[in-house]
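Peer 1: The following file, input21.cif, comprises mmCIF, C-alpha atoms:
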data_upload
#
loop_
_atom_site.label_atom_id
_atom_site.label_comp_id
_atom_site.auth_asym_id
_atom_site.auth_seq_id
_atom_site.Cartn_x
_atom_site.Cartn_y
_atom_site.Cartn_z
CA MET A 263 -28.27 -41.51 0.70
CA ALA A 264 -27.68 -39.04 -2.10
CA ASP A 265 -29.20 -41.46 -4.63
CA ARG A 266 -32.25 -42.26 -2.50
CA THR A 267 -35.34 -40.22 -1.66
CA THR A 268 -35.34 -39.60 2.09
CA ILE A 269 -38.69 -39.75 3.88
CA ILE A 270 -40.07 -38.94 7.31
CA LEU A 271 -43.21 -40.83 8.23
CA ALA A 272 -45.60 -39.23 10.75
CA ASP A 273 -48.60 -41.17 12.05
CA ASP A 274 -49.78 -41.68 15.62
CA HIS A 275 -50.55 -45.37 15.00
CA ALA A 276 -47.43 -47.53 15.27
CA LEU A 277 -48.97 -50.34 13.22
CA VAL A 278 -49.69 -47.94 10.35
CA ARG A 279 -46.16 -46.53 10.50
CA GLY A 280 -44.72 -50.03 10.46
CA ALA A 281 -46.82 -51.13 7.51
CA VAL A 282 -46.01 -48.03 5.46
CA LYS A 283 -42.32 -48.22 6.30
CA THR A 284 -42.20 -51.85 5.17
CA VAL A 285 -43.76 -50.93 1.84
CA LEU A 286 -41.42 -48.01 1.23
CA GLU A 287 -38.21 -49.73 2.21
CA ARG A 288 -38.79 -52.49 -0.30
CA GLU A 289 -37.90 -49.88 -2.92
CA ALA A 290 -34.21 -49.35 -3.64
CA ASP A 291 -34.67 -45.62 -4.28
CA LEU A 292 -36.60 -44.83 -1.07
CA ALA A 293 -35.37 -44.56 2.53
CA VAL A 294 -37.38 -43.82 5.69
CA VAL A 295 -35.01 -41.78 7.85
CA ALA A 296 -37.40 -41.25 10.77
CA GLU A 297 -40.87 -42.25 11.94
CA VAL A 298 -42.75 -40.17 14.51
CA GLY A 299 -46.13 -40.16 16.24
CA SER A 300 -47.09 -36.48 16.34
CA ALA A 301 -47.06 -33.33 14.24
CA ASP A 302 -44.68 -31.63 16.69
CA GLU A 303 -42.16 -34.46 16.31
CA ALA A 304 -42.62 -34.31 12.54
CA VAL A 305 -41.59 -30.67 12.49
CA ALA A 306 -38.61 -31.21 14.80
CA GLU A 307 -37.28 -34.21 12.88
CA THR A 308 -37.87 -32.56 9.51
CA LEU A 309 -35.89 -29.47 10.51
CA ARG A 310 -33.14 -31.71 11.87
CA LEU A 311 -32.89 -34.22 9.02
CA LYS A 312 -34.10 -32.13 6.06
CA PRO A 313 -35.75 -35.02 4.18
CA ASP A 314 -37.01 -34.93 0.63
CA VAL A 315 -40.56 -35.94 1.59
CA VAL A 316 -42.69 -35.83 4.74
CA LEU A 317 -45.71 -38.13 4.90
CA LEU A 318 -48.20 -36.63 7.37
CA ASP A 319 -51.29 -38.14 8.88
CA ILE A 320 -53.90 -35.41 9.45
CA GLU A 321 -55.31 -36.42 12.83
CA MET A 322 -52.40 -36.60 15.30
CA PRO A 323 -51.64 -35.34 18.81
CA GLY A 324 -50.06 -31.92 19.33
CA GLN A 325 -50.28 -29.09 16.83
CA HIS A 326 -52.49 -29.62 13.81
CA SER A 327 -50.84 -31.31 10.85
CA PHE A 328 -51.68 -28.38 8.56
CA GLU A 329 -49.80 -25.99 10.86
CA ALA A 330 -46.91 -28.45 10.91
CA ALA A 331 -46.92 -28.53 7.11
CA ARG A 332 -46.98 -24.73 6.95
CA THR A 333 -43.93 -24.55 9.23
CA ILE A 334 -42.09 -27.17 7.22
CA LYS A 335 -42.77 -25.45 3.90
CA SER A 336 -41.76 -22.04 5.24
CA ARG A 337 -38.45 -23.34 6.64
CA LEU A 338 -37.68 -25.98 4.01
CA PRO A 339 -39.51 -25.07 0.81
CA GLU A 340 -37.86 -27.87 -1.17
CA THR A 341 -39.27 -30.56 1.14
CA ARG A 342 -42.41 -32.11 -0.28
CA VAL A 343 -45.36 -32.69 2.05
CA VAL A 344 -47.84 -35.45 1.31
CA PHE A 345 -50.89 -36.01 3.50
CA LEU A 346 -52.14 -39.52 4.25
CA SER A 347 -55.63 -39.66 5.68
CA GLY A 348 -58.87 -41.56 5.97
CA PHE A 349 -60.70 -38.21 5.87
CA HIS A 350 -61.74 -36.43 2.68
CA HIS A 351 -63.49 -33.37 4.12
CA ASP A 352 -63.62 -30.35 1.83
CA ARG A 353 -62.05 -28.21 4.53
CA TYR A 354 -59.12 -30.63 4.81
CA ILE A 355 -58.53 -30.67 1.07
CA GLU A 356 -58.66 -26.88 0.95
CA GLN A 357 -56.15 -26.55 3.79
CA ALA A 358 -53.82 -29.05 2.15
CA ILE A 359 -53.82 -26.89 -0.97
CA LEU A 360 -53.27 -23.72 1.06
CA VAL A 361 -50.16 -25.14 2.77
CA GLN A 362 -48.78 -26.18 -0.64
CA ALA A 363 -48.91 -29.91 -0.09
CA SER A 364 -47.66 -31.98 -2.99
CA GLY A 365 -50.21 -34.70 -2.43
CA TYR A 366 -53.19 -35.98 -0.49
CA LEU A 367 -53.72 -39.73 -0.49
CA SER A 368 -56.40 -41.89 1.07
CA LYS A 369 -55.20 -44.58 3.44
CA GLY A 370 -57.37 -46.92 1.43
CA GLU A 371 -55.06 -46.67 -1.58
CA PRO A 372 -53.03 -49.74 -2.64
CA PRO A 373 -49.48 -49.64 -1.19
CA GLN A 374 -47.86 -49.26 -4.59
CA ARG A 375 -49.86 -46.08 -5.11
CA LEU A 376 -47.92 -44.41 -2.29
CA VAL A 377 -44.62 -45.41 -3.88
CA GLU A 378 -45.77 -43.95 -7.20
CA ALA A 379 -46.94 -40.77 -5.46
CA ILE A 380 -43.56 -40.17 -3.84
CA ARG A 381 -41.79 -40.61 -7.14
CA ALA A 382 -44.28 -38.28 -8.82
CA VAL A 383 -43.83 -35.45 -6.32
CA MET A 384 -40.05 -35.85 -6.44
CA ALA A 385 -40.33 -35.33 -10.21
CA GLY A 386 -42.10 -32.04 -9.56
CA GLY A 387 -45.67 -33.26 -9.85
CA VAL A 388 -48.59 -33.57 -7.47
CA CYS A 389 -50.57 -36.63 -6.49
CA TYR A 390 -54.11 -36.98 -5.16
CA SER A 391 -56.34 -39.97 -4.63
CA PRO A 392 -59.09 -40.14 -7.29
CA GLU A 393 -61.89 -39.13 -4.89
CA ILE A 394 -59.87 -36.07 -3.87
CA GLN A 395 -58.71 -35.20 -7.38
CA ALA A 396 -62.35 -35.15 -8.49
CA ARG A 397 -62.99 -32.23 -6.12
CA ILE A 398 -60.01 -30.12 -7.22
CA VAL A 399 -59.81 -27.66 -10.09
CA ILE A 400 -56.40 -27.27 -11.75
CA HIS A 401 -56.08 -23.91 -13.50
CA PRO A 402 -54.09 -23.47 -16.73
CA ASP A 403 -51.35 -21.67 -14.78
CA GLY A 404 -50.91 -24.71 -12.53
CA ARG A 405 -52.76 -23.37 -9.49
CA HIS A 406 -54.89 -25.85 -7.56
CA LYS A 407 -58.18 -24.94 -5.91
CA LEU A 408 -61.04 -26.81 -4.38
CA SER A 409 -63.90 -26.81 -6.87
CA PRO A 410 -66.25 -23.84 -6.40
CA ALA A 411 -69.03 -26.12 -5.19
CA GLY A 412 -66.76 -27.68 -2.61
CA HIS A 413 -65.06 -24.46 -1.61
CA THR A 414 -68.31 -22.75 -0.70
CA ARG A 415 -70.24 -25.67 0.74
CA VAL A 416 -69.84 -25.60 4.50
CA ALA A 417 -68.47 -22.06 4.58
CA SER A 418 -71.60 -20.73 2.89
CA LEU A 419 -73.97 -22.02 5.57
CA THR A 420 -75.38 -19.88 8.34
CA GLU A 421 -75.10 -21.08 11.93
CA LYS A 422 -78.71 -22.27 11.93
CA GLU A 423 -78.39 -24.00 8.56
CA LEU A 424 -75.29 -25.79 9.82
CA ALA A 425 -77.18 -26.86 12.96
CA VAL A 426 -80.04 -28.23 10.85
CA LEU A 427 -77.55 -30.15 8.72
CA ARG A 428 -75.97 -31.68 11.83
CA TYR A 429 -79.39 -32.84 13.07
CA ILE A 430 -80.23 -34.29 9.66
CA ALA A 431 -76.98 -36.24 9.74
CA ARG A 432 -77.96 -37.66 13.13
CA GLY A 433 -81.23 -38.93 11.70
CA LEU A 434 -83.70 -36.49 13.28
CA SER A 435 -86.95 -35.69 11.49
CA LYS A 436 -87.91 -32.11 10.70
CA LYS A 437 -90.35 -32.12 13.62
CA GLU A 438 -87.63 -33.32 15.99
CA ILE A 439 -85.21 -30.71 14.66
CA ALA A 440 -87.82 -28.00 15.23
CA VAL A 441 -88.13 -29.09 18.87
CA GLN A 442 -84.37 -29.22 19.37
CA MET A 443 -83.88 -25.75 17.89
CA SER A 444 -87.05 -24.20 19.36
CA LEU A 445 -88.19 -23.21 15.87
CA THR A 446 -91.39 -23.76 13.93
CA LEU A 447 -91.66 -26.57 11.42
CA SER A 448 -92.03 -24.02 8.62
CA ALA A 449 -88.75 -22.40 9.69
CA ILE A 450 -87.00 -25.77 9.50
CA ASP A 451 -88.52 -26.29 6.05
CA ARG A 452 -87.04 -22.97 4.93
CA HIS A 453 -83.62 -23.85 6.33
CA CYS A 454 -83.71 -27.22 4.54
CA THR A 455 -84.68 -25.55 1.26
CA ARG A 456 -81.76 -23.10 1.55
CA LEU A 457 -79.39 -25.91 2.54
CA MET A 458 -80.25 -27.90 -0.56
CA ALA A 459 -79.92 -24.83 -2.79
CA LYS A 460 -76.52 -23.80 -1.37
CA LEU A 461 -75.10 -27.31 -1.45
CA ASP A 462 -76.75 -28.27 -4.75
CA ILE A 463 -77.99 -31.41 -3.02
CA HIS A 464 -81.67 -32.17 -3.41
CA ASP A 465 -82.21 -35.35 -1.45
CA ARG A 466 -82.19 -35.94 2.32
CA VAL A 467 -80.12 -39.10 1.95
CA ASP A 468 -77.45 -37.24 -0.02
CA LEU A 469 -77.53 -34.42 2.53
CA THR A 470 -76.86 -36.99 5.24
CA LYS A 471 -73.98 -38.53 3.28
CA PHE A 472 -72.46 -35.09 2.70
CA ALA A 473 -72.72 -34.15 6.39
CA ILE A 474 -71.14 -37.43 7.51
CA ARG A 475 -68.32 -37.04 4.99
CA GLU A 476 -67.68 -33.53 6.28
CA GLY A 477 -67.51 -34.72 9.89
CA LEU A 478 -70.75 -32.98 10.90
CA ALA A 479 -72.58 -36.00 12.29
CA GLU A 480 -70.92 -36.02 15.70
CA PRO A 481 -73.08 -34.93 18.70
#
Would you give me this structure, written as structure tokens?
Peer 2:
Amino acid sequence: MADRTTIILADDHALVRGAVKTVLEREADLAVVAEVGSADEAVAETLRLKPDVVLLDIEMPGQHSFEAARTIKSRLPETRVVFLSGFHHDRYIEQAILVQASGYLSKGEPPQRLVEAIRAVMAGGVCYSPEIQARIVIHPDGRHKLSPAGHTRVASLTEKELAVLRYIARGLSKKEIAVQMSLTLSAIDRHCTRLMAKLDIHDRVDLTKFAIREGLAEP
């Protein structure tokens, strides 16, 4: 397979793996050499087969996919790692950059986009879905970073501010939040004011959208 790009596909949903494999193997220059359902299996098969590219889902059983990517890059630095995910959380994007991923694509992308991404990273480039690219700053020296606004968003919040944001995402009013947190309404008002200032978001609806996107709406 010297003339073909070898790929390991890691996703815990067999239907997704099957669909992606079908798309990739239509291309004469691409070959899926293994498909696995966990991050642990992805590491083991990557170290065994030494593929050109590893496509990693983010939410899988076993060790976290970012730890798997870190192991792969430390042992096989020439192997490109591309994340495939339905999640676009700032913290996920930042971790993908930290583990030197070559790409981060949304599962909502057209199939041909994945083919193009693999070819791009094999040519030495990087590839991000548009909604992810919009939140990344590329420095003149080639370094990639999450935009300052994104980088500091959740990390900048205090424990109480984060709790308020979670309650907002779940649809509670300020009065209800005050009861839940055993705080005064004026205290909740202050937390909301600081939240909006830190996040540069000045509307409750947009706060809710941000919290849901960042996975903060769960009970």
Peer 1: Nearest to Leu457 of chain A: which of A:Leu367, A:Ile380, A:Leu427, A:Ile439 is it, counting only C-alpha atoms?
Peer 2: A:Leu427
Peer 1: If you apply the PyMOL selection byres ((chain A and resi 450) around 12) to this file, what residues do you get, as a PDB file with C-alpha atoms, keeping the file's coordinate frame?
Peer 2:
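File expr12.pdb, as written:
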ATOM      1  CA  LYS A 422     -78.710 -22.270  11.930  1.00  0.00           C
ATOM      2  CA  GLU A 423     -78.390 -24.000   8.560  1.00  0.00           C
ATOM      3  CA  LEU A 424     -75.290 -25.790   9.820  1.00  0.00           C
ATOM      4  CA  ALA A 425     -77.180 -26.860  12.960  1.00  0.00           C
ATOM      5  CA  VAL A 426     -80.040 -28.230  10.850  1.00  0.00           C
ATOM      6  CA  LEU A 427     -77.550 -30.150   8.720  1.00  0.00           C
ATOM      7  CA  TYR A 429     -79.390 -32.840  13.070  1.00  0.00           C
ATOM      8  CA  ILE A 430     -80.230 -34.290   9.660  1.00  0.00           C
ATOM      9  CA  LEU A 434     -83.700 -36.490  13.280  1.00  0.00           C
ATOM     10  CA  SER A 435     -86.950 -35.690  11.490  1.00  0.00           C
ATOM     11  CA  LYS A 436     -87.910 -32.110  10.700  1.00  0.00           C
ATOM     12  CA  LYS A 437     -90.350 -32.120  13.620  1.00  0.00           C
ATOM     13  CA  GLU A 438     -87.630 -33.320  15.990  1.00  0.00           C
ATOM     14  CA  ILE A 439     -85.210 -30.710  14.660  1.00  0.00           C
ATOM     15  CA  ALA A 440     -87.820 -28.000  15.230  1.00  0.00           C
ATOM     16  CA  VAL A 441     -88.130 -29.090  18.870  1.00  0.00           C
ATOM     17  CA  GLN A 442     -84.370 -29.220  19.370  1.00  0.00           C
ATOM     18  CA  MET A 443     -83.880 -25.750  17.890  1.00  0.00           C
ATOM     19  CA  SER A 444     -87.050 -24.200  19.360  1.00  0.00           C
ATOM     20  CA  LEU A 445     -88.190 -23.210  15.870  1.00  0.00           C
ATOM     21  CA  THR A 446     -91.390 -23.760  13.930  1.00  0.00           C
ATOM     22  CA  LEU A 447     -91.660 -26.570  11.420  1.00  0.00           C
ATOM     23  CA  SER A 448     -92.030 -24.020   8.620  1.00  0.00           C
ATOM     24  CA  ALA A 449     -88.750 -22.400   9.690  1.00  0.00           C
ATOM     25  CA  ASP A 451     -88.520 -26.290   6.050  1.00  0.00           C
ATOM     26  CA  ARG A 452     -87.040 -22.970   4.930  1.00  0.00           C
ATOM     27  CA  HIS A 453     -83.620 -23.850   6.330  1.00  0.00           C
ATOM     28  CA  CYS A 454     -83.710 -27.220   4.540  1.00  0.00           C
ATOM     29  CA  THR A 455     -84.680 -25.550   1.260  1.00  0.00           C
ATOM     30  CA  ARG A 456     -81.760 -23.100   1.550  1.00  0.00           C
ATOM     31  CA  LEU A 457     -79.390 -25.910   2.540  1.00  0.00           C
TER      32      LEU A 457
END
Peer 1: For the structure shown, which residues end up in the PyMOL selection byres ((chain A and resi 275-290) around 10)? Put them as a PyMOL selection string, please?
Peer 2: chain A and resi 265-267+269-274+291-300+317+319+322+369+373-374+376-377+380
Peer 1: Applying the PyMOL selection byres ((chain A and resi 329) around 10) to the file I just gave you, which residues come out? Please list them as a PyMOL selection string.
Peer 2: chain A and resi 301-302+305+325-328+330-335+357+361
Peer 1: Mind giving me the straight-line distance from atom CA of Phe472 of chain A to atom CA of Ser391 of chain A in Å, one decimal?
Peer 2: 18.4 Å
Peer 1: Have a look at atom CA of His464 of chain A and atom CA of Arg397 of chain A and let me know their distance in Å, one decimal.
Peer 2: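 These atoms are spaced 18.9 Å apart.
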Peer 1: Could you name the residues that touch segment 339-355 of chain A at 7 Å or less, counting only C-alpha atoms, but leaving out those on the same chain fewer than 6 positions away, as a compact mmCIF listing (two decimals) with C-alpha atoms, in the frame of the given file?
Peer 2:
# COMPACT_ATOMS: atom_id res chain seq x y z
CA PRO A 313 -35.75 -35.02 4.18
CA ASP A 314 -37.01 -34.93 0.63
CA VAL A 315 -40.56 -35.94 1.59
CA VAL A 316 -42.69 -35.83 4.74
CA LEU A 317 -45.71 -38.13 4.90
CA LEU A 318 -48.20 -36.63 7.37
CA ASP A 319 -51.29 -38.14 8.88
CA ILE A 320 -53.90 -35.41 9.45
CA ALA A 331 -46.92 -28.53 7.11
CA ALA A 363 -48.91 -29.91 -0.09
CA SER A 364 -47.66 -31.98 -2.99
CA GLY A 365 -50.21 -34.70 -2.43
CA TYR A 366 -53.19 -35.98 -0.49
CA LEU A 367 -53.72 -39.73 -0.49
CA SER A 368 -56.40 -41.89 1.07
CA LYS A 369 -55.20 -44.58 3.44
CA ILE A 394 -59.87 -36.07 -3.87
CA GLY A 412 -66.76 -27.68 -2.61
CA HIS A 413 -65.06 -24.46 -1.61
CA ARG A 475 -68.32 -37.04 4.99
CA GLU A 476 -67.68 -33.53 6.28
Peer 1: For each of A:Tyr390, A:Ala304, A:Leu309, A:Leu338, take the minimum atom-to-atom distance to Pro323 of chain A, counting all atoms listed in the file, then give the residue where this is smallest.
Peer 2: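 Nearest to Pro323 of chain A: A:Ala304.
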Peer 1: Just segment 335-347 of chain A from the block, all heavy atoms, as a PDB file, in the first residue's frame, could you?
Peer 2:
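Heads up, here's the output in selection-v3.pdb:
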ATOM      1  N   LYS A 335       0.944  10.524  19.017  1.00  0.00           N
ATOM      2  CA  LYS A 335       1.884  11.519  18.504  1.00  0.00           C
ATOM      3  C   LYS A 335       3.263  11.400  19.149  1.00  0.00           C
ATOM      4  O   LYS A 335       4.279  11.666  18.505  1.00  0.00           O
ATOM      5  CB  LYS A 335       1.328  12.925  18.714  1.00  0.00           C
ATOM      6  CG  LYS A 335       0.092  13.241  17.887  1.00  0.00           C
ATOM      7  CD  LYS A 335       0.344  13.139  16.389  1.00  0.00           C
ATOM      8  CE  LYS A 335       1.305  14.188  15.881  1.00  0.00           C
ATOM      9  NZ  LYS A 335       1.480  14.116  14.401  1.00  0.00           N
ATOM     10  N   SER A 336       3.304  10.962  20.407  1.00  0.00           N
ATOM     11  CA  SER A 336       4.602  10.816  21.066  1.00  0.00           C
ATOM     12  C   SER A 336       5.360   9.607  20.538  1.00  0.00           C
ATOM     13  O   SER A 336       6.590   9.617  20.445  1.00  0.00           O
ATOM     14  CB  SER A 336       4.426  10.698  22.580  1.00  0.00           C
ATOM     15  OG  SER A 336       3.769   9.493  22.933  1.00  0.00           O
ATOM     16  N   ARG A 337       4.623   8.547  20.182  1.00  0.00           N
ATOM     17  CA  ARG A 337       5.264   7.316  19.698  1.00  0.00           C
ATOM     18  C   ARG A 337       5.475   7.328  18.180  1.00  0.00           C
ATOM     19  O   ARG A 337       6.447   6.763  17.680  1.00  0.00           O
ATOM     20  CB  ARG A 337       4.409   6.107  20.097  1.00  0.00           C
ATOM     21  CG  ARG A 337       4.222   5.928  21.601  1.00  0.00           C
ATOM     22  CD  ARG A 337       5.434   5.300  22.260  1.00  0.00           C
ATOM     23  NE  ARG A 337       5.669   3.962  21.783  1.00  0.00           N
ATOM     24  CZ  ARG A 337       5.054   2.871  22.269  1.00  0.00           C
ATOM     25  NH1 ARG A 337       4.167   2.989  23.253  1.00  0.00           N
ATOM     26  NH2 ARG A 337       5.343   1.674  21.800  1.00  0.00           N
ATOM     27  N   LEU A 338       4.534   7.940  17.475  1.00  0.00           N
ATOM     28  CA  LEU A 338       4.588   7.962  16.009  1.00  0.00           C
ATOM     29  C   LEU A 338       4.329   9.384  15.521  1.00  0.00           C
ATOM     30  O   LEU A 338       3.244   9.702  15.026  1.00  0.00           O
ATOM     31  CB  LEU A 338       3.550   7.006  15.414  1.00  0.00           C
ATOM     32  CG  LEU A 338       3.696   5.524  15.764  1.00  0.00           C
ATOM     33  CD1 LEU A 338       2.464   4.750  15.303  1.00  0.00           C
ATOM     34  CD2 LEU A 338       4.954   4.946  15.118  1.00  0.00           C
ATOM     35  N   PRO A 339       5.296  10.261  15.656  1.00  0.00           N
ATOM     36  CA  PRO A 339       5.076  11.672  15.328  1.00  0.00           C
ATOM     37  C   PRO A 339       4.683  11.942  13.885  1.00  0.00           C
ATOM     38  O   PRO A 339       4.081  12.978  13.587  1.00  0.00           O
ATOM     39  CB  PRO A 339       6.417  12.335  15.673  1.00  0.00           C
ATOM     40  CG  PRO A 339       7.408  11.223  15.743  1.00  0.00           C
ATOM     41  CD  PRO A 339       6.651  10.013  16.178  1.00  0.00           C
ATOM     42  N   GLU A 340       4.977  11.030  12.975  1.00  0.00           N
ATOM     43  CA  GLU A 340       4.630  11.239  11.574  1.00  0.00           C
ATOM     44  C   GLU A 340       3.176  10.872  11.265  1.00  0.00           C
ATOM     45  O   GLU A 340       2.661  11.216  10.203  1.00  0.00           O
ATOM     46  CB  GLU A 340       5.566  10.424  10.665  1.00  0.00           C
ATOM     47  CG  GLU A 340       7.027  10.851  10.740  1.00  0.00           C
ATOM     48  CD  GLU A 340       7.202  12.325  10.426  1.00  0.00           C
ATOM     49  OE1 GLU A 340       6.647  12.777   9.399  1.00  0.00           O
ATOM     50  OE2 GLU A 340       7.877  13.024  11.194  1.00  0.00           O
ATOM     51  N   THR A 341       2.523  10.166  12.187  1.00  0.00           N
ATOM     52  CA  THR A 341       1.115   9.814  11.984  1.00  0.00           C
ATOM     53  C   THR A 341       0.240  11.031  12.252  1.00  0.00           C
ATOM     54  O   THR A 341       0.363  11.681  13.272  1.00  0.00           O
ATOM     55  CB  THR A 341       0.705   8.665  12.920  1.00  0.00           C
ATOM     56  OG1 THR A 341       1.418   7.477  12.543  1.00  0.00           O
ATOM     57  CG2 THR A 341      -0.796   8.381  12.812  1.00  0.00           C
ATOM     58  N   ARG A 342      -0.636  11.330  11.305  1.00  0.00           N
ATOM     59  CA  ARG A 342      -1.539  12.466  11.472  1.00  0.00           C
ATOM     60  C   ARG A 342      -2.797  12.032  12.222  1.00  0.00           C
ATOM     61  O   ARG A 342      -3.346  10.964  11.939  1.00  0.00           O
ATOM     62  CB  ARG A 342      -1.964  13.027  10.121  1.00  0.00           C
ATOM     63  CG  ARG A 342      -0.945  13.905   9.418  1.00  0.00           C
ATOM     64  CD  ARG A 342       0.147  13.121   8.764  1.00  0.00           C
ATOM     65  NE  ARG A 342       0.871  13.946   7.794  1.00  0.00           N
ATOM     66  CZ  ARG A 342       1.895  13.521   7.081  1.00  0.00           C
ATOM     67  NH1 ARG A 342       2.328  12.266   7.212  1.00  0.00           N
ATOM     68  NH2 ARG A 342       2.507  14.309   6.225  1.00  0.00           N
ATOM     69  N   VAL A 343      -3.231  12.856  13.156  1.00  0.00           N
ATOM     70  CA  VAL A 343      -4.459  12.595  13.900  1.00  0.00           C
ATOM     71  C   VAL A 343      -5.502  13.629  13.499  1.00  0.00           C
ATOM     72  O   VAL A 343      -5.241  14.834  13.525  1.00  0.00           O
ATOM     73  CB  VAL A 343      -4.229  12.663  15.425  1.00  0.00           C
ATOM     74  CG1 VAL A 343      -5.561  12.553  16.170  1.00  0.00           C
ATOM     75  CG2 VAL A 343      -3.281  11.557  15.867  1.00  0.00           C
ATOM     76  N   VAL A 344      -6.672  13.134  13.123  1.00  0.00           N
ATOM     77  CA  VAL A 344      -7.789  14.016  12.775  1.00  0.00           C
ATOM     78  C   VAL A 344      -8.983  13.618  13.627  1.00  0.00           C
ATOM     79  O   VAL A 344      -9.373  12.448  13.663  1.00  0.00           O
ATOM     80  CB  VAL A 344      -8.154  13.906  11.274  1.00  0.00           C
ATOM     81  CG1 VAL A 344      -9.395  14.747  10.970  1.00  0.00           C
ATOM     82  CG2 VAL A 344      -6.981  14.346  10.405  1.00  0.00           C
ATOM     83  N   PHE A 345      -9.553  14.585  14.342  1.00  0.00           N
ATOM     84  CA  PHE A 345     -10.722  14.316  15.166  1.00  0.00           C
ATOM     85  C   PHE A 345     -12.004  14.496  14.355  1.00  0.00           C
ATOM     86  O   PHE A 345     -12.134  15.452  13.577  1.00  0.00           O
ATOM     87  CB  PHE A 345     -10.759  15.247  16.384  1.00  0.00           C
ATOM     88  CG  PHE A 345      -9.722  14.926  17.417  1.00  0.00           C
ATOM     89  CD1 PHE A 345      -8.605  15.726  17.578  1.00  0.00           C
ATOM     90  CD2 PHE A 345      -9.846  13.806  18.227  1.00  0.00           C
ATOM     91  CE1 PHE A 345      -7.641  15.432  18.523  1.00  0.00           C
ATOM     92  CE2 PHE A 345      -8.882  13.486  19.179  1.00  0.00           C
ATOM     93  CZ  PHE A 345      -7.782  14.311  19.328  1.00  0.00           C
ATOM     94  N   LEU A 346     -12.935  13.577  14.560  1.00  0.00           N
ATOM     95  CA  LEU A 346     -14.277  13.673  13.990  1.00  0.00           C
ATOM     96  C   LEU A 346     -15.249  13.747  15.158  1.00  0.00           C
ATOM     97  O   LEU A 346     -15.233  12.875  16.021  1.00  0.00           O
ATOM     98  CB  LEU A 346     -14.603  12.442  13.140  1.00  0.00           C
ATOM     99  CG  LEU A 346     -13.767  12.200  11.882  1.00  0.00           C
ATOM    100  CD1 LEU A 346     -14.197  10.882  11.237  1.00  0.00           C
ATOM    101  CD2 LEU A 346     -13.959  13.340  10.908  1.00  0.00           C
ATOM    102  N   SER A 347     -16.066  14.769  15.199  1.00  0.00           N
ATOM    103  CA  SER A 347     -16.947  14.908  16.360  1.00  0.00           C
ATOM    104  C   SER A 347     -18.178  15.732  16.047  1.00  0.00           C
ATOM    105  O   SER A 347     -18.170  16.565  15.137  1.00  0.00           O
ATOM    106  CB  SER A 347     -16.181  15.562  17.517  1.00  0.00           C
ATOM    107  OG  SER A 347     -17.014  15.689  18.658  1.00  0.00           O
TER     108      SER A 347
END
